[in-house]
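Have a look at the structure below before the remarks.
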Amino acid sequence: MAETLKKGSRVTGAARDKLAADLKKKYDSGASIRALAEETGRSYGFVHRMLSEAGVTLRGRGGATRGRKAASS
């Protein structure tokens with residue numbers, strides 16, 4: 001898909017629906033937004049917006065979380 005998209009070109013109609021479905025499938029199978037952005041040659045914001053429009057529940061950022069520390073035994 002990356003070859004068919006020119007950087008900065010507008011994606012509309014059926015092409016937009018197909019791209020959204022493709023991104024959704026890859027994201028649901030574990031790809032990160034950053035990885036998808038690099039693969040498609042688009043920005044992080046564009047991919048994030050496409051996933052949101054496709055109704056994807058976005059994952060948290062992961063990594064260390066702040067909160068109560070587990071009591072050590």
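Order determines the names: the first chain of the structure tokens is A, the second B, and so forth; residues in each chain are numbered 1 upward, and ligands are numbered 1 upward as they are shown.
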
Those in region 2-46 of chain A with alpha helix (DSSP H) from DSSP, as a list in words: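 Answer for region 2-46 of chain A restricted to alpha helix (DSSP H) is Gly13, Ala14, Ala15, Arg16, Asp17, Lys18, Leu19, Ala20, Ala21, Asp22, Leu23, Lys24, Lys25, Lys26, Tyr27, Asp28, Ile33, Arg34, Ala35, Leu36, Ala37, Glu38, Glu39, Thr40, Tyr44, Gly45 and Phe46 of chain A.
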
Non-local contacts of region 37-54 of chain A (12 Å; only C-alpha atoms; under 6 positions in same chain excluded) as a PDB file with N, CA, C and O atoms, in the first residue's frame:
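For reference, result.pdb as written:
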```
ATOM      1  N   MET A   1       0.824  -1.200   0.000  1.00  0.00           N
ATOM      2  CA  MET A   1       0.000   0.000   0.000  1.00  0.00           C
ATOM      3  C   MET A   1       0.863   1.256   0.000  1.00  0.00           C
ATOM      4  O   MET A   1       0.470   2.252  -0.549  1.00  0.00           O
ATOM      5  N   ALA A   2       2.028   1.184   0.617  1.00  0.00           N
ATOM      6  CA  ALA A   2       2.886   2.359   0.745  1.00  0.00           C
ATOM      7  C   ALA A   2       3.303   2.917  -0.622  1.00  0.00           C
ATOM      8  O   ALA A   2       3.472   4.113  -0.771  1.00  0.00           O
ATOM      9  N   GLU A   3       3.461   2.051  -1.605  1.00  0.00           N
ATOM     10  CA  GLU A   3       3.907   2.507  -2.911  1.00  0.00           C
ATOM     11  C   GLU A   3       2.841   3.335  -3.617  1.00  0.00           C
ATOM     12  O   GLU A   3       3.156   4.191  -4.434  1.00  0.00           O
ATOM     13  N   THR A   4       1.572   3.068  -3.330  1.00  0.00           N
ATOM     14  CA  THR A   4       0.504   3.744  -4.050  1.00  0.00           C
ATOM     15  C   THR A   4       0.170   5.109  -3.456  1.00  0.00           C
ATOM     16  O   THR A   4      -0.497   5.901  -4.091  1.00  0.00           O
ATOM     17  N   LEU A   5       0.649   5.391  -2.239  1.00  0.00           N
ATOM     18  CA  LEU A   5       0.352   6.673  -1.610  1.00  0.00           C
ATOM     19  C   LEU A   5       1.515   7.641  -1.804  1.00  0.00           C
ATOM     20  O   LEU A   5       2.643   7.335  -1.456  1.00  0.00           O
ATOM     21  N   LYS A   6       1.205   8.794  -2.354  1.00  0.00           N
ATOM     22  CA  LYS A   6       2.225   9.819  -2.460  1.00  0.00           C
ATOM     23  C   LYS A   6       2.146  10.658  -1.194  1.00  0.00           C
ATOM     24  O   LYS A   6       1.062  10.966  -0.708  1.00  0.00           O
ATOM     25  N   LYS A   7       3.310  11.015  -0.667  1.00  0.00           N
ATOM     26  CA  LYS A   7       3.345  11.783   0.570  1.00  0.00           C
ATOM     27  C   LYS A   7       2.581  13.089   0.399  1.00  0.00           C
ATOM     28  O   LYS A   7       2.789  13.817  -0.551  1.00  0.00           O
ATOM     29  N   GLY A   8       1.657  13.334   1.319  1.00  0.00           N
ATOM     30  CA  GLY A   8       0.882  14.560   1.285  1.00  0.00           C
ATOM     31  C   GLY A   8      -0.337  14.511   0.380  1.00  0.00           C
ATOM     32  O   GLY A   8      -1.111  15.462   0.344  1.00  0.00           O
ATOM     33  N   SER A   9      -0.527  13.415  -0.363  1.00  0.00           N
ATOM     34  CA  SER A   9      -1.691  13.334  -1.238  1.00  0.00           C
ATOM     35  C   SER A   9      -2.938  13.061  -0.412  1.00  0.00           C
ATOM     36  O   SER A   9      -2.880  12.425   0.635  1.00  0.00           O
ATOM     37  N   ARG A  10      -4.047  13.561  -0.886  1.00  0.00           N
ATOM     38  CA  ARG A  10      -5.314  13.390  -0.184  1.00  0.00           C
ATOM     39  C   ARG A  10      -5.858  11.993  -0.460  1.00  0.00           C
ATOM     40  O   ARG A  10      -5.850  11.534  -1.589  1.00  0.00           O
ATOM     41  N   VAL A  11      -6.320  11.346   0.595  1.00  0.00           N
ATOM     42  CA  VAL A  11      -6.879   9.998   0.455  1.00  0.00           C
ATOM     43  C   VAL A  11      -8.375  10.103   0.757  1.00  0.00           C
ATOM     44  O   VAL A  11      -8.762  10.450   1.862  1.00  0.00           O
ATOM     45  N   THR A  12      -9.208   9.792  -0.261  1.00  0.00           N
ATOM     46  CA  THR A  12     -10.651   9.937  -0.091  1.00  0.00           C
ATOM     47  C   THR A  12     -11.386   8.721  -0.633  1.00  0.00           C
ATOM     48  O   THR A  12     -10.807   7.885  -1.327  1.00  0.00           O
ATOM     49  N   ALA A  15     -10.599   4.483  -1.482  1.00  0.00           N
ATOM     50  CA  ALA A  15      -9.190   4.300  -1.127  1.00  0.00           C
ATOM     51  C   ALA A  15      -8.983   4.556   0.365  1.00  0.00           C
ATOM     52  O   ALA A  15      -8.213   3.854   1.027  1.00  0.00           O
ATOM     53  N   ARG A  16      -9.688   5.556   0.903  1.00  0.00           N
ATOM     54  CA  ARG A  16      -9.582   5.879   2.324  1.00  0.00           C
ATOM     55  C   ARG A  16     -10.159   4.742   3.171  1.00  0.00           C
ATOM     56  O   ARG A  16      -9.579   4.359   4.181  1.00  0.00           O
ATOM     57  N   ASP A  17     -11.298   4.200   2.733  1.00  0.00           N
ATOM     58  CA  ASP A  17     -11.918   3.087   3.460  1.00  0.00           C
ATOM     59  C   ASP A  17     -11.013   1.866   3.454  1.00  0.00           C
ATOM     60  O   ASP A  17     -10.859   1.192   4.469  1.00  0.00           O
ATOM     61  N   LYS A  18     -10.393   1.586   2.309  1.00  0.00           N
ATOM     62  CA  LYS A  18      -9.500   0.435   2.218  1.00  0.00           C
ATOM     63  C   LYS A  18      -8.271   0.634   3.091  1.00  0.00           C
ATOM     64  O   LYS A  18      -7.842  -0.285   3.794  1.00  0.00           O
ATOM     65  N   LEU A  19      -7.702   1.836   3.069  1.00  0.00           N
ATOM     66  CA  LEU A  19      -6.535   2.125   3.896  1.00  0.00           C
ATOM     67  C   LEU A  19      -6.888   1.997   5.382  1.00  0.00           C
ATOM     68  O   LEU A  19      -6.136   1.402   6.155  1.00  0.00           O
ATOM     69  N   ALA A  20      -8.040   2.528   5.773  1.00  0.00           N
ATOM     70  CA  ALA A  20      -8.465   2.442   7.173  1.00  0.00           C
ATOM     71  C   ALA A  20      -8.629   0.987   7.599  1.00  0.00           C
ATOM     72  O   ALA A  20      -8.190   0.605   8.690  1.00  0.00           O
ATOM     73  N   ALA A  21      -9.227   0.166   6.748  1.00  0.00           N
ATOM     74  CA  ALA A  21      -9.425  -1.245   7.076  1.00  0.00           C
ATOM     75  C   ALA A  21      -8.082  -1.969   7.177  1.00  0.00           C
ATOM     76  O   ALA A  21      -7.873  -2.794   8.073  1.00  0.00           O
ATOM     77  N   ASP A  22      -7.166  -1.638   6.282  1.00  0.00           N
ATOM     78  CA  ASP A  22      -5.840  -2.251   6.286  1.00  0.00           C
ATOM     79  C   ASP A  22      -5.072  -1.867   7.555  1.00  0.00           C
ATOM     80  O   ASP A  22      -4.483  -2.719   8.225  1.00  0.00           O
ATOM     81  N   LEU A  23      -5.107  -0.581   7.898  1.00  0.00           N
ATOM     82  CA  LEU A  23      -4.427  -0.115   9.114  1.00  0.00           C
ATOM     83  C   LEU A  23      -5.044  -0.745  10.356  1.00  0.00           C
ATOM     84  O   LEU A  23      -4.328  -1.153  11.274  1.00  0.00           O
ATOM     85  N   LYS A  24      -6.371  -0.848  10.370  1.00  0.00           N
ATOM     86  CA  LYS A  24      -7.073  -1.441  11.516  1.00  0.00           C
ATOM     87  C   LYS A  24      -6.640  -2.887  11.715  1.00  0.00           C
ATOM     88  O   LYS A  24      -6.328  -3.313  12.829  1.00  0.00           O
ATOM     89  N   LYS A  25      -6.578  -3.641  10.628  1.00  0.00           N
ATOM     90  CA  LYS A  25      -6.197  -5.053  10.708  1.00  0.00           C
ATOM     91  C   LYS A  25      -4.771  -5.191  11.252  1.00  0.00           C
ATOM     92  O   LYS A  25      -4.512  -6.008  12.133  1.00  0.00           O
ATOM     93  N   LYS A  26      -3.854  -4.370  10.748  1.00  0.00           N
ATOM     94  CA  LYS A  26      -2.462  -4.444  11.192  1.00  0.00           C
ATOM     95  C   LYS A  26      -2.316  -3.992  12.641  1.00  0.00           C
ATOM     96  O   LYS A  26      -1.555  -4.579  13.410  1.00  0.00           O
ATOM     97  N   TYR A  27      -3.042  -2.939  13.018  1.00  0.00           N
ATOM     98  CA  TYR A  27      -2.969  -2.433  14.400  1.00  0.00           C
ATOM     99  C   TYR A  27      -3.529  -3.471  15.369  1.00  0.00           C
ATOM    100  O   TYR A  27      -2.953  -3.723  16.424  1.00  0.00           O
ATOM    101  N   ASP A  28      -4.649  -4.075  14.997  1.00  0.00           N
ATOM    102  CA  ASP A  28      -5.262  -5.102  15.853  1.00  0.00           C
ATOM    103  C   ASP A  28      -4.369  -6.330  15.997  1.00  0.00           C
ATOM    104  O   ASP A  28      -4.461  -7.049  16.989  1.00  0.00           O
ATOM    105  N   ALA A  31       0.719  -4.220  15.449  1.00  0.00           N
ATOM    106  CA  ALA A  31       1.613  -3.175  14.936  1.00  0.00           C
ATOM    107  C   ALA A  31       1.357  -1.863  15.678  1.00  0.00           C
ATOM    108  O   ALA A  31       0.226  -1.562  16.052  1.00  0.00           O
TER     109      ALA A  31
END
```
